[in-house]
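This is protein_39.cif (mmCIF, C-alpha atoms).
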```
data_my_file
loop_
_atom_site.label_atom_id
_atom_site.label_comp_id
_atom_site.auth_asym_id
_atom_site.auth_seq_id
_atom_site.Cartn_x
_atom_site.Cartn_y
_atom_site.Cartn_z
CA MET A 1 30.32 0.98 15.36
CA LEU A 2 32.23 1.62 12.15
CA ARG A 3 31.85 -1.90 10.71
CA PRO A 4 28.01 -1.77 10.38
CA MET A 5 28.24 1.61 8.64
CA ILE A 6 30.76 0.27 6.12
CA LYS A 7 28.49 -2.72 5.36
CA THR A 8 25.55 -0.36 4.84
CA ILE A 9 27.48 1.85 2.43
CA LYS A 10 28.65 -1.20 0.44
CA ALA A 11 25.08 -2.53 0.27
CA LEU A 12 23.86 0.72 -1.31
CA GLY A 13 25.96 0.02 -4.40
CA GLU A 14 24.81 -3.60 -4.81
CA ASN A 15 21.87 -4.84 -6.91
CA ARG A 16 18.42 -4.83 -5.38
CA PHE A 17 16.78 -8.06 -4.28
CA THR A 18 13.24 -6.87 -4.94
CA THR A 19 11.52 -5.53 -8.03
CA THR A 20 10.11 -2.05 -8.43
CA PHE A 21 6.44 -2.97 -8.79
CA PRO A 22 4.41 -2.04 -10.90
CA GLU A 23 7.06 -0.69 -13.29
CA GLU A 24 9.00 -3.96 -13.11
CA LYS A 25 6.98 -7.16 -13.05
CA GLU A 26 8.30 -10.47 -11.88
CA ARG A 27 8.41 -13.20 -14.53
CA GLN A 28 6.03 -16.01 -13.64
CA PRO A 29 6.85 -19.70 -14.16
CA ASP A 30 4.99 -21.66 -16.85
CA ASN A 31 2.79 -23.46 -14.31
CA TYR A 32 1.70 -20.23 -12.52
CA ARG A 33 -2.07 -19.83 -12.07
CA GLY A 34 -3.30 -16.27 -11.88
CA LEU A 35 -6.56 -14.48 -12.57
CA HIS A 36 -9.29 -16.11 -14.62
CA ARG A 37 -10.14 -15.17 -18.19
CA LEU A 38 -13.46 -16.07 -19.78
CA ASP A 39 -14.16 -16.19 -23.49
CA ILE A 40 -17.87 -15.41 -23.43
CA GLU A 41 -18.39 -16.39 -27.06
CA THR A 42 -16.85 -19.86 -26.55
CA CYS A 43 -18.57 -20.66 -23.23
CA ILE A 44 -21.46 -23.10 -23.68
CA SER A 45 -22.94 -22.49 -20.19
CA CYS A 46 -22.56 -26.13 -19.16
CA GLY A 47 -21.82 -25.32 -15.50
CA ALA A 48 -19.01 -27.88 -15.20
CA CYS A 49 -16.73 -25.25 -13.64
CA GLU A 50 -19.34 -24.48 -10.98
CA ARG A 51 -19.81 -28.16 -10.10
CA ILE A 52 -16.10 -29.00 -9.82
CA CYS A 53 -15.00 -25.96 -7.78
CA PRO A 54 -13.96 -27.25 -4.31
CA ASN A 55 -14.65 -23.92 -2.56
CA LYS A 56 -17.91 -23.20 -4.38
CA THR A 57 -16.25 -20.06 -5.71
CA ILE A 58 -17.95 -20.17 -9.11
CA THR A 59 -21.66 -19.52 -9.56
CA MET A 60 -23.55 -19.40 -12.83
CA VAL A 61 -25.32 -16.04 -13.28
CA ASP A 62 -27.38 -14.45 -16.04
CA ALA A 63 -25.35 -12.26 -18.38
CA ASN A 64 -26.05 -10.46 -21.65
CA THR A 65 -23.97 -11.66 -24.61
CA SER A 66 -24.09 -11.22 -28.37
CA LYS A 67 -26.01 -14.51 -28.45
CA GLY A 68 -28.63 -13.23 -25.99
CA ARG A 69 -29.04 -13.76 -22.25
CA ARG A 70 -27.14 -16.82 -20.97
CA LYS A 71 -25.81 -18.33 -17.74
CA LEU A 72 -22.07 -17.65 -17.38
CA PRO A 73 -19.57 -18.16 -14.53
CA GLN A 74 -19.11 -15.51 -11.87
CA ILE A 75 -15.99 -15.96 -9.71
CA ASP A 76 -15.34 -14.88 -6.12
CA LEU A 77 -11.57 -14.34 -6.11
CA GLU A 78 -11.55 -13.94 -2.33
CA ARG A 79 -12.41 -17.62 -1.88
CA CYS A 80 -10.63 -19.03 -4.94
CA LEU A 81 -7.76 -21.50 -4.40
CA PHE A 82 -6.47 -21.06 -7.98
CA CYS A 83 -6.34 -24.84 -8.18
CA GLY A 84 -7.07 -24.89 -11.92
CA LEU A 85 -9.82 -27.52 -11.81
CA CYS A 86 -12.25 -25.15 -13.55
CA GLU A 87 -9.81 -24.71 -16.41
CA GLU A 88 -9.23 -28.46 -16.72
CA VAL A 89 -12.93 -29.39 -16.78
CA CYS A 90 -14.04 -26.71 -19.28
CA PRO A 91 -14.91 -28.62 -22.49
CA THR A 92 -14.44 -25.59 -24.79
CA HIS A 93 -11.46 -24.07 -22.91
CA ALA A 94 -13.47 -20.87 -22.45
CA LEU A 95 -12.31 -20.45 -18.84
CA THR A 96 -8.55 -20.20 -18.43
CA LEU A 97 -6.14 -19.05 -15.75
CA THR A 98 -3.74 -16.32 -16.86
CA LYS A 99 -0.40 -15.21 -15.43
CA ASN A 100 -1.92 -11.92 -14.27
CA TYR A 101 -1.64 -11.59 -10.49
CA GLU A 102 -2.77 -7.99 -9.97
CA TYR A 103 -6.08 -8.07 -8.14
CA THR A 104 -5.95 -5.68 -5.22
CA GLU A 105 -9.20 -4.02 -4.23
CA LEU A 106 -10.22 -1.56 -1.56
CA ASP A 107 -13.72 -2.97 -1.27
CA ARG A 108 -14.16 -6.71 -0.59
CA ARG A 109 -17.26 -6.82 -2.79
CA ARG A 110 -15.05 -6.07 -5.82
CA PHE A 111 -13.38 -9.50 -5.51
CA THR A 112 -16.51 -11.05 -7.02
CA ARG A 113 -16.02 -10.80 -10.78
CA ARG A 114 -18.97 -10.95 -13.13
CA PRO A 115 -18.57 -12.71 -16.50
CA GLU A 116 -18.17 -9.38 -18.30
CA GLU A 117 -15.21 -8.53 -16.05
CA LEU A 118 -13.38 -11.79 -16.77
CA ARG A 119 -12.43 -10.84 -20.31
#
```

Once you've parsed the file, please lay out its structure as structure tokens.
Amino acid sequence: MLRPMIKTIKALGENRFTTTFPEEKERQPDNYRGLHRLDIETCISCGACERICPNKTITMVDANTSKGRRKLPQIDLERCLFCGLCEEVCPTHALTLTKNYEYTELDRRRFTRRPEELR
């Protein structure tokens, strides 16, 4: 009975194994694939990202830009595999995967991100 209590008291003084999120964020490796970022000005609306997506996560939708109304990628994060194929196929590197991994939502409909939200 005494031995478990001694172990518990010793463990209180040791370093933590987990981080205190969101104050402390875990460092991501170089090859980590997180949330998408879209440079609207660089995107040429070619639709290559939509065609290569294995889960059909990306759809091209109308969006207002400084260059007028254009078709830009909309991404459903709920279905995304974060495989990185969309980033690889983008000829202008307008669509990239960041190291940001914070995408919790209370409403499932919020997982679909419009082009304006991918900045």

Extract, using all atoms listed in the file, all DNA, RNA and protein residues at most 12 Å from Asn31 of chain A, discarding same-chain residues fewer than 2 positions from it, and format them as a VMD selection string. chain A and resid 27 to 29 33 to 34 82 to 84 97 to 99

Kindly extract all protein, DNA and RNA residues lying within 12 Å of the coordinates (-12.8, -32.3, -15.5) given in the file, considering only C-alpha atoms, and supply them as a PDB file with C-alpha atoms, in the frame of the given file.
```
ATOM      1  CA  GLY A  47     -21.820 -25.320 -15.500  1.00  0.00           C
ATOM      2  CA  ALA A  48     -19.010 -27.880 -15.200  1.00  0.00           C
ATOM      3  CA  CYS A  49     -16.730 -25.250 -13.640  1.00  0.00           C
ATOM      4  CA  GLU A  50     -19.340 -24.480 -10.980  1.00  0.00           C
ATOM      5  CA  ARG A  51     -19.810 -28.160 -10.100  1.00  0.00           C
ATOM      6  CA  ILE A  52     -16.100 -29.000  -9.820  1.00  0.00           C
ATOM      7  CA  CYS A  53     -15.000 -25.960  -7.780  1.00  0.00           C
ATOM      8  CA  GLY A  84      -7.070 -24.890 -11.920  1.00  0.00           C
ATOM      9  CA  LEU A  85      -9.820 -27.520 -11.810  1.00  0.00           C
ATOM     10  CA  CYS A  86     -12.250 -25.150 -13.550  1.00  0.00           C
ATOM     11  CA  GLU A  87      -9.810 -24.710 -16.410  1.00  0.00           C
ATOM     12  CA  GLU A  88      -9.230 -28.460 -16.720  1.00  0.00           C
ATOM     13  CA  VAL A  89     -12.930 -29.390 -16.780  1.00  0.00           C
ATOM     14  CA  CYS A  90     -14.040 -26.710 -19.280  1.00  0.00           C
ATOM     15  CA  PRO A  91     -14.910 -28.620 -22.490  1.00  0.00           C
ATOM     16  CA  THR A  92     -14.440 -25.590 -24.790  1.00  0.00           C
ATOM     17  CA  HIS A  93     -11.460 -24.070 -22.910  1.00  0.00           C
TER      18      HIS A  93
END
```

Taking the file above as input, evaluate the PyMOL selection byres ((chain A and resi 55) around 7) and report the hits as number ranges by chain. A: 53-54, 56-57, 79-80

Centre, x/y/z edge lengths, axis-aligned box for segment 82-91 of chain A with 4 Å per side, as lines of an AutoDock Vina configuration file:
```
center_x = -10.6
center_y = -25.2
center_z = -15.2
size_x = 16.6
size_y = 16.3
size_z = 22.5
```

Once the PyMOL selection byres ((chain A and resi 43) around 10) has been applied to the shown file, what residues remain in the selection, as a VMD selection string? chain A and resid 38 to 42 44 to 47 70 to 73 90 to 95

If I take atom CA of Asp62 of chain A and atom CA of Glu117 of chain A, how far is one from the other in Å, to one decimal?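 Result for atom CA of Asp62 of chain A versus atom CA of Glu117 of chain A: 13.5 Å, one decimal.
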
Shell around Glu78 of chain A at 8 Å using only C-alpha atoms, local window under 2 positions removed, as a PyMOL selection string: chain A and resi 76+80+108+111-112

Which residue of A:Tyr101, A:Arg3, A:Thr8, A:Arg114 approaches Ala63 of chain A most closely, using all atoms listed in the file: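 Looking at the shortest contact to Ala63 of chain A, the residue is A:Arg114.
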
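Counting from atom CA of His36 of chain A, the distance to atom CA of Leu118 of chain A is 6.3 Å.
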
Residue nearest Val61 of chain A - candidates A:Ile9, A:Arg113, A:Glu24, A:Arg37, atoms counted: all atoms listed in the file: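 So, comparing all the options, the nearest one is A:Arg113.
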
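For the atom pair formed by atom CA of Arg109 of chain A and atom CA of Glu26 of chain A, the distance is 27.4 Å, given to one decimal.
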
Rank nothing, just name the residue among A:Lys10, A:Pro4, A:Glu102, A:Arg110 nearest to Pro22 of chain A, using all atoms listed in the file. A:Glu102
